[in-house]
>>> print(open('target30.tsv').read())   # TSV, C-alpha atoms (C1' of nucleotides)
chain	number	residue	atom	x	y	z
A	1489	MET	CA	63.62	48.68	61.96
A	1490	PRO	CA	60.56	48.34	64.02
A	1491	GLU	CA	58.65	51.43	64.99
A	1492	LEU	CA	55.52	51.49	67.10
A	1493	PRO	CA	53.23	49.63	64.63
A	1494	GLU	CA	55.71	46.81	64.08
A	1495	VAL	CA	56.20	46.33	67.83
A	1496	GLU	CA	52.44	46.46	68.39
A	1497	VAL	CA	51.87	43.82	65.70
A	1498	ILE	CA	54.41	41.59	67.42
A	1499	ARG	CA	52.75	42.21	70.78
A	1500	ARG	CA	49.32	41.30	69.46
A	1501	ASP	CA	50.65	38.17	67.75
A	1502	LEU	CA	52.67	37.09	70.71
A	1503	GLU	CA	50.29	37.53	73.62
A	1504	PRO	CA	47.93	34.66	72.74
A	1505	LEU	CA	50.85	32.47	71.64
A	1506	VAL	CA	52.94	32.69	74.80
A	1507	GLY	CA	50.63	34.06	77.50
A	1508	GLY	CA	50.70	31.72	80.50
A	1509	LYS	CA	53.86	29.91	79.39
A	1510	THR	CA	56.83	29.40	81.69
A	1511	PHE	CA	60.40	30.12	80.58
A	1512	THR	CA	63.18	27.58	80.97
A	1513	ARG	CA	66.85	28.54	80.80
A	1514	PRO	CA	67.67	30.83	77.85
A	1515	LEU	CA	70.44	30.09	75.36
A	1516	ILE	CA	72.50	33.24	74.95
A	1517	HIS	CA	74.64	33.13	71.81
A	1518	ILE	CA	75.65	36.80	71.88
A	1519	PRO	CA	76.05	38.01	75.47
A	1520	THR	CA	75.97	41.71	74.55
A	1521	THR	CA	72.30	41.21	73.65
A	1522	ILE	CA	71.59	41.21	77.37
A	1523	ALA	CA	71.60	44.75	78.70
A	1524	TYR	CA	70.66	43.94	82.31
A	1525	PRO	CA	71.49	42.15	84.52
A	1526	GLU	CA	74.69	40.40	83.47
A	1527	PRO	CA	73.97	37.46	81.13
A	1528	ALA	CA	74.55	34.62	83.61
A	1529	LEU	CA	72.23	36.18	86.16
A	1530	PHE	CA	69.71	37.02	83.43
A	1531	ALA	CA	69.61	33.38	82.35
A	1532	ALA	CA	69.35	31.99	85.85
A	1533	SER	CA	66.70	34.52	86.87
A	1534	LEU	CA	64.39	34.20	83.86
A	1535	SER	CA	64.16	30.44	84.18
A	1536	GLY	CA	60.94	29.39	85.91
A	1537	ARG	CA	59.10	32.67	85.43
A	1538	ARG	CA	55.65	32.70	83.86
A	1539	ILE	CA	54.23	35.21	81.36
A	1540	ARG	CA	51.16	37.06	82.61
A	1541	SER	CA	50.68	39.55	79.77
A	1542	ILE	CA	52.55	41.57	77.18
A	1543	CYS	CA	52.35	45.30	76.82
A	1544	ARG	CA	54.25	47.98	74.96
A	1545	ARG	CA	55.57	51.46	75.56
A	1546	GLY	CA	56.79	53.18	72.42
A	1547	LYS	CA	59.11	50.69	70.75
A	1548	TYR	CA	59.69	48.66	73.92
A	1549	LEU	CA	58.00	45.30	74.28
A	1550	LEU	CA	57.25	44.69	77.98
A	1551	VAL	CA	56.64	41.08	78.94
A	1552	ASN	CA	54.98	41.07	82.36
A	1553	LEU	CA	56.03	38.05	84.38
A	1554	ASP	CA	54.63	36.57	87.56
A	1555	HIS	CA	57.55	38.41	89.11
A	1556	GLY	CA	59.25	41.29	87.31
A	1557	THR	CA	59.34	42.29	83.64
A	1558	LEU	CA	61.27	41.18	80.57
A	1559	ALA	CA	61.84	44.26	78.40
A	1560	ILE	CA	62.86	43.94	74.74
A	1561	HIS	CA	63.94	46.59	72.24
A	1562	LEU	CA	64.50	45.40	68.65
A	1563	ARG	CA	66.33	48.55	67.50
A	1564	MET	CA	67.07	48.35	63.76
A	1565	THR	CA	67.04	44.70	62.72
A	1566	GLY	CA	65.77	42.65	65.64
A	1567	ASN	CA	63.18	39.90	65.08
A	1568	LEU	CA	61.32	37.99	67.75
A	1569	VAL	CA	59.69	34.88	66.34
A	1570	TYR	CA	57.67	32.22	68.15
A	1571	ARG	CA	58.03	28.61	67.09
A	1572	PRO	CA	56.23	25.61	68.52
A	1573	GLU	CA	58.05	22.49	69.62
A	1574	GLY	CA	59.65	20.61	66.74
A	1575	GLN	CA	60.08	23.72	64.56
A	1576	PRO	CA	63.34	25.24	65.78
A	1577	GLY	CA	64.33	28.52	64.17
A	1578	GLU	CA	67.91	28.73	63.05
A	1579	ASP	CA	69.32	31.58	61.05
A	1580	ARG	CA	72.77	33.05	60.82
A	1581	PHE	CA	71.77	36.06	62.91
A	1582	LEU	CA	70.29	34.13	65.84
A	1583	ARG	CA	71.41	35.85	69.04
A	1584	LEU	CA	69.23	34.30	71.73
A	1585	VAL	CA	66.67	31.55	72.33
A	1586	LEU	CA	64.05	31.85	75.06
A	1587	PRO	CA	62.56	28.36	75.45
A	1588	PHE	CA	59.39	27.47	77.33
A	1589	THR	CA	58.68	24.39	79.44
A	1590	ASP	CA	56.38	22.96	76.73
A	1591	GLY	CA	59.21	22.84	74.15
A	1592	SER	CA	58.16	25.92	72.19
A	1593	ALA	CA	60.45	28.96	72.16
A	1594	LEU	CA	61.00	32.57	71.19
A	1595	TYR	CA	63.91	33.07	68.79
A	1596	TYR	CA	65.64	36.42	68.81
A	1597	SER	CA	67.59	37.24	65.64
A	1598	ASP	CA	69.31	40.53	64.95
A	1599	MET	CA	71.66	41.16	62.03
A	1600	ARG	CA	73.12	44.39	63.35
A	1601	ARG	CA	73.15	43.35	67.02
A	1602	PHE	CA	71.72	46.65	68.26
A	1603	GLY	CA	68.69	45.15	70.02
A	1604	ARG	CA	68.74	44.59	73.78
A	1605	LEU	CA	66.87	42.70	76.52
A	1606	TRP	CA	66.49	43.59	80.18
A	1607	LEU	CA	65.10	41.58	83.08
A	1608	VAL	CA	63.98	43.84	85.89
A	1609	GLU	CA	62.44	42.90	89.21
A	1610	ASN	CA	59.99	45.72	89.75
A	1611	GLU	CA	58.58	49.03	88.49
A	1612	GLU	CA	61.40	51.01	90.02
A	1613	GLU	CA	64.05	49.02	88.15
A	1614	LEU	CA	62.00	49.20	84.95
A	1615	ASN	CA	61.95	52.96	85.13
A	1616	LYS	CA	65.59	53.20	86.18
A	1617	PHE	CA	67.20	50.78	83.71
A	1618	VAL	CA	64.83	50.70	80.76
A	1619	LEU	CA	62.33	53.56	80.52
A	1620	ARG	CA	64.39	56.32	82.10
A	1621	ARG	CA	64.18	58.61	79.10
A	1622	VAL	CA	61.03	57.32	77.46
A	1623	GLY	CA	58.03	59.61	77.23
A	1624	PRO	CA	54.35	58.66	77.03
A	1625	ASP	CA	53.30	56.21	74.34
A	1626	ILE	CA	52.13	58.42	71.50
A	1627	TYR	CA	49.43	55.99	70.37
A	1628	ASN	CA	47.89	54.97	73.68
A	1629	ASP	CA	48.86	57.50	76.32
A	1630	LEU	CA	49.02	60.96	74.81
A	1631	LYS	CA	45.90	63.08	74.40
A	1632	LYS	CA	45.65	65.59	71.60
A	1633	GLU	CA	45.53	68.60	73.90
A	1634	ASP	CA	48.62	67.43	75.79
A	1635	PHE	CA	50.46	66.87	72.51
A	1636	ILE	CA	49.65	70.40	71.36
A	1637	CYS	CA	50.68	71.83	74.71
A	1638	MET	CA	53.99	69.93	74.59
A	1639	LEU	CA	54.74	71.31	71.12
A	1640	GLY	CA	54.51	74.78	72.61
A	1641	GLN	CA	56.95	73.88	75.37
A	1642	ARG	CA	59.51	72.73	72.78
A	1643	SER	CA	58.92	75.57	70.35
A	1644	ARG	CA	62.57	75.93	69.25
A	1645	ALA	CA	62.90	72.28	68.21
A	1646	CYS	CA	62.60	71.08	64.64
A	1647	ILE	CA	59.30	69.22	64.31
A	1648	LYS	CA	60.72	66.07	62.77
A	1649	GLY	CA	63.48	65.85	65.37
A	1650	LEU	CA	60.92	66.34	68.10
A	1651	LEU	CA	58.68	63.55	66.82
A	1652	LEU	CA	61.70	61.25	66.69
A	1653	ASP	CA	62.66	62.16	70.28
A	1654	GLN	CA	61.45	59.21	72.34
A	1655	GLY	CA	61.63	61.33	75.49
A	1656	PHE	CA	59.09	63.73	74.02
A	1657	ALA	CA	56.70	60.97	73.01
A	1658	ALA	CA	57.49	57.32	72.41
A	1659	GLY	CA	56.89	55.30	69.28
A	1660	MET	CA	57.58	57.38	66.17
A	1661	GLY	CA	60.46	56.35	63.92
A	1662	ASN	CA	61.75	57.63	60.60
A	1663	ILE	CA	59.12	56.03	58.36
A	1664	TYR	CA	55.96	56.94	60.24
A	1665	THR	CA	57.26	60.43	61.04
A	1666	ASP	CA	57.75	61.23	57.35
A	1667	GLU	CA	54.33	59.78	56.57
A	1668	ALA	CA	52.54	61.71	59.33
A	1669	LEU	CA	54.19	64.99	58.30
A	1670	PHE	CA	53.14	64.37	54.70
A	1671	LEU	CA	49.54	63.59	55.70
A	1672	SER	CA	49.37	66.78	57.73
A	1673	GLY	CA	51.03	68.92	55.04
A	1674	ILE	CA	53.87	70.09	57.30
A	1675	ASP	CA	57.46	70.62	56.16
A	1676	PRO	CA	59.67	68.42	58.38
A	1677	ARG	CA	62.19	71.27	58.91
A	1678	ARG	CA	59.78	73.66	60.58
A	1679	ARG	CA	60.16	74.55	64.24
A	1680	ALA	CA	57.48	73.30	66.60
A	1681	GLY	CA	56.69	76.88	67.62
A	1682	GLU	CA	55.78	77.83	64.05
A	1683	ILE	CA	53.05	75.25	63.86
A	1684	THR	CA	49.56	76.64	64.27
A	1685	LYS	CA	46.97	75.06	66.55
A	1686	ALA	CA	45.00	73.83	63.54
A	1687	GLU	CA	48.13	72.30	62.05
A	1688	ALA	CA	49.06	70.68	65.37
A	1689	GLU	CA	45.62	69.11	65.58
A	1690	LYS	CA	45.95	67.80	62.07
A	1691	LEU	CA	49.45	66.50	62.83
A	1692	TYR	CA	48.19	64.60	65.88
A	1693	ASP	CA	45.32	63.11	63.88
A	1694	SER	CA	47.73	62.17	61.09
A	1695	ILE	CA	50.10	60.47	63.53
A	1696	ILE	CA	47.32	58.37	65.02
A	1697	LYS	CA	45.97	57.57	61.57
A	1698	VAL	CA	49.29	56.47	60.09
A	1699	LEU	CA	50.11	54.37	63.15
A	1700	ARG	CA	46.66	52.74	63.06
A	1701	MET	CA	47.05	51.96	59.37
A	1702	GLY	CA	50.55	50.62	59.95
A	1703	ILE	CA	49.20	48.23	62.56
A	1704	LYS	CA	46.21	47.27	60.39
A	1705	PHE	CA	48.51	46.29	57.51
A	1706	GLY	CA	50.86	44.31	59.71
A	1707	GLY	CA	53.72	46.83	59.82
A	1708	THR	CA	56.29	47.88	57.22
A	1709	THR	CA	58.79	45.38	55.84
A	1710	PHE	CA	61.60	46.81	53.74
A	1711	ARG	CA	64.04	44.06	54.43
A	1712	ASP	CA	64.24	42.60	57.90
A	1713	TYR	CA	60.99	43.10	59.73
A	1714	ARG	CA	58.96	40.01	60.55
A	1715	ASN	CA	56.06	39.58	62.92
A	1716	ALA	CA	56.03	37.01	65.73
A	1717	ARG	CA	55.02	34.29	63.26
A	1718	GLY	CA	57.83	35.16	60.87
A	1719	ALA	CA	55.61	36.89	58.29
A	1720	ARG	CA	56.32	40.17	56.52
A	1721	GLY	CA	54.28	43.35	56.87
A	1722	ASP	CA	52.38	45.02	54.01
A	1723	PHE	CA	52.33	48.70	54.90
A	1724	GLN	CA	55.32	49.54	52.66
A	1725	ALA	CA	52.91	49.44	49.72
A	1726	LYS	CA	50.84	52.19	51.38
A	1727	LEU	CA	53.66	54.64	52.03
A	1728	LYS	CA	53.15	58.02	50.39
A	1729	VAL	CA	56.64	59.56	50.69
A	1730	TYR	CA	59.08	57.39	52.64
A	1731	GLY	CA	61.46	55.63	50.26
A	1732	ARG	CA	59.81	57.28	47.25
A	1733	ARG	CA	62.35	59.93	46.31
A	1734	GLY	CA	62.04	60.81	42.63
A	1735	GLU	CA	58.54	59.38	42.32
A	1736	HIS	CA	55.50	61.56	41.74
A	1737	CYS	CA	53.30	62.65	44.59
A	1738	ARG	CA	49.54	62.49	43.93
A	1739	CYS	CA	49.75	66.28	43.36
A	1740	GLY	CA	52.15	65.69	40.48
A	1741	ALA	CA	55.26	67.13	42.11
A	1742	VAL	CA	58.39	65.01	42.51
A	1743	ILE	CA	59.08	63.71	46.01
A	1744	GLU	CA	62.38	65.02	47.35
A	1745	LYS	CA	64.93	63.63	49.76
A	1746	THR	CA	66.97	65.63	52.23
A	1747	THR	CA	68.48	65.26	55.70
A	1748	VAL	CA	66.56	66.49	58.74
A	1749	ALA	CA	67.52	65.77	62.33
A	1750	GLY	CA	70.36	63.64	60.99
A	1751	ARG	CA	67.99	61.29	59.21
A	1752	THR	CA	67.06	60.71	55.60
A	1753	THR	CA	63.82	62.54	55.02
A	1754	CYS	CA	61.38	62.24	52.14
A	1755	TYR	CA	58.72	64.88	51.55
A	1756	CYS	CA	56.61	66.54	48.90
A	1757	PRO	CA	57.80	70.14	48.32
A	1758	CYS	CA	54.36	71.02	47.00
A	1759	CYS	CA	52.07	69.44	49.63
A	1760	GLN	CA	54.24	70.18	52.68
A	1761	LYS	CA	54.76	73.80	53.70
B	331	DA	C1'	67.73	73.56	74.72
B	332	DG	C1'	68.89	71.89	70.53
B	333	DC	C1'	71.79	69.85	67.44
B	334	DA	C1'	75.83	67.72	65.05
B	335	DC	C1'	78.74	63.97	65.25
B	336	DC	C1'	80.34	59.48	66.52
B	337	DA	C1'	79.68	54.83	68.15
B	338	DC	C1'	77.51	50.45	68.15
B	339	DC	C1'	77.09	46.30	63.97
B	340	DT	C1'	76.39	43.88	59.46
B	341	DG	C1'	74.70	43.75	54.94
B	342	DT	C1'	73.32	45.61	50.49
B	343	DG	C1'	73.08	48.38	46.48
B	344	DG	C1'	74.80	51.86	43.42
B	345	DG	C1'	78.54	54.05	41.10
B	346	DC	C1'	82.77	53.71	38.91
C	550	DT	C1'	83.07	41.63	37.17
C	551	DG	C1'	84.67	43.61	41.31
C	552	DC	C1'	85.74	47.08	44.69
C	553	DC	C1'	84.52	50.88	47.65
C	554	DC	C1'	81.57	53.84	49.76
C	555	DA	C1'	77.23	55.45	51.36
C	556	DC	C1'	73.43	54.18	53.63
C	557	DA	C1'	69.86	51.35	56.42
C	558	DG	C1'	63.72	51.05	60.30
C	559	DG	C1'	67.39	53.27	66.60
C	560	DT	C1'	69.49	55.08	70.46
C	561	DG	C1'	73.15	56.86	73.79
C	562	DG	C1'	77.08	59.71	74.79
C	563	DT	C1'	79.82	63.84	74.05
C	564	DG	C1'	80.61	68.38	73.18
C	565	DC	C1'	79.59	72.85	71.11
>>> encode(input="target30.tsv", output="structure tokens")
Amino acid sequence: MPELPEVEVIRRDLEPLVGGKTFTRPLIHIPTTIAYPEPALFAASLSGRRIRSICRRGKYLLVNLDHGTLAIHLRMTGNLVYRPEGQPGEDRFLRLVLPFTDGSALYYSDMRRFGRLWLVENEEELNKFVLRRVGPDIYNDLKKEDFICMLGQRSRACIKGLLLDQGFAAGMGNIYTDEALFLSGIDPRRRAGEITKAEAEKLYDSIIKVLRMGIKFGGTTFRDYRNARGARGDFQAKLKVYGRRGEHCRCGAVIEKTTVAGRTTCYCPCCQK
DNA sequence: AGCACCACCTGTGGGC
DNA sequence: TGCCCACAGGTGGTGC
């Protein structure tokens, strides 16, 4: 589900809602939701900690506490919704409740149960248990010249697969990758080494643009995505190729669907070469 | 290095 | 109408 824009929208919603609040003991309905440490220790340790700020790296939400960090990855169908006291959130996919001392709480729901939470004590643990194979955030921490240089170092890799590789750069998922490749006119099956410098520059600009627009429109909701207030995103209406197989591109050609890097891929055979 | 395949889960939509 | 299969926004492990 959530790619970088969706996680960023949640981060921006959440920070003013929960910044400064102190956790009480979590209610863990599905123990496998807790990746680290073991659920009982997670629950005991989180209780009493206060939120200082919330940041993001790729698709990871990083809740900075007065001591340590709560890391959250929503994977495909995770939702993290804030509700004030007196408005408890119950749905059939509720996996975890993170209550605060003032009676409000964060409700974590996840139909497919792929999402995970970690509670780490310091930077070293964060890098060891959570961000071990996560590259620089493609939206905030990767300069254009570094991106172009990195494409050259991975010249044999298929460009779509590379953009989806979170170790290369963090944040791109299937939707925004297809959209960025469309905007830059690049066929998703090409190897990184075949992309010219001018194309690479355009690709970088397209990535930043499509992520910025995704954030501006509140993310993409096909089915499950909700922001921290439970509302849907609107960017799905702006998508040019993703999910539009069989429809006409603005050039008149029919948008095609194929499999690239093991993922469903939509592209315009006329605009993308 | 790069990639294909499976696993983890549950639900939905399309085809027959 | 109902069943079955393919597929869904992500990632980690294995093995070629």
>>> closest_atom_pairs(input="target30.tsv", of="chain B", to="chain A", cutoff="9 Å", atoms="all atoms listed in the file", output="tab-separated table")
residue	atom	partner	partner_atom	distance
B:DA331	C1'	A:Arg1644	CA	7.9
B:DG332	C1'	A:Ala1645	CA	6.4
B:DC333	C1'	A:Ala1749	CA	7.8
B:DA334	C1'	A:Gly1750	CA	7.9
B:DC338	C1'	A:Phe1602	CA	6.9
B:DC339	C1'	A:Arg1600	CA	4.4
B:DT340	C1'	A:Arg1600	CA	5.1
B:DG341	C1'	A:Met1599	CA	8.1
>>> atom_distance(input="target30.tsv", atom1="CA of Leu1669 in chain A", atom2="CA of Leu1562 in chain A")
24.4 Å
>>> closest_atom_pairs(input="target30.tsv", of="chain A", to="chain C", cutoff="8 Å", atoms="only C-alpha atoms (C1' of nucleotides)", output="Markdown table")
| residue | atom | partner | partner_atom | distance |
| --- | --- | --- | --- | --- |
| A:Met1489 | CA | C:DG558 | C1' | 2.9 |
| A:Pro1490 | CA | C:DG558 | C1' | 5.6 |
| A:Glu1491 | CA | C:DG558 | C1' | 6.9 |
| A:Arg1563 | CA | C:DG559 | C1' | 4.9 |
| A:Met1564 | CA | C:DG558 | C1' | 5.5 |
| A:Thr1565 | CA | C:DG558 | C1' | 7.6 |
| A:Gly1661 | CA | C:DG558 | C1' | 7.2 |
| A:Asn1662 | CA | C:DG558 | C1' | 6.9 |
| A:Ile1663 | CA | C:DG558 | C1' | 7.1 |
>>> atom_distance(input="target30.tsv", atom1="CA of Arg1545 in chain A", atom2="CA of Val1729 in chain A")
26.2 Å
>>> atom_distance(input="target30.tsv", atom1="CA of Gly1546 in chain A", atom2="CA of Gly1603 in chain A")
14.6 Å
>>> residues_around(input="target30.tsv", residues="range 1722-1725 of chain A", least_positions_apart="6", cutoff="12 Å", atoms="all atoms listed in the file", output="ChimeraX atom specification")
/A:1493-1494,1497,1663-1664,1667,1698-1711,1713-1715,1731-1732 /C:558
>>> closest_residue(input="target30.tsv", among="A:Tyr1570, A:Trp1606, A:Phe1588, A:Tyr1595", to="Gly1556 in chain A", atoms="all atoms listed in the file")
A:Trp1606
>>> residues_near_point(input="target30.tsv", point="(52.5, 45.5, 78.2)", cutoff="12 Å", atoms="only C-alpha atoms (C1' of nucleotides)", output="VMD selection string")
chain A and resid 1495 to 1496 1498 to 1500 1502 to 1503 1507 1539 to 1553 1557 to 1560 1625 1628
>>> residues_around(input="target30.tsv", residues="Gly1640 in chain A", least_positions_apart="6", cutoff="10 Å", atoms="only C-alpha atoms (C1' of nucleotides)", output="number ranges by chain")
A: 1634, 1680-1685, 1688
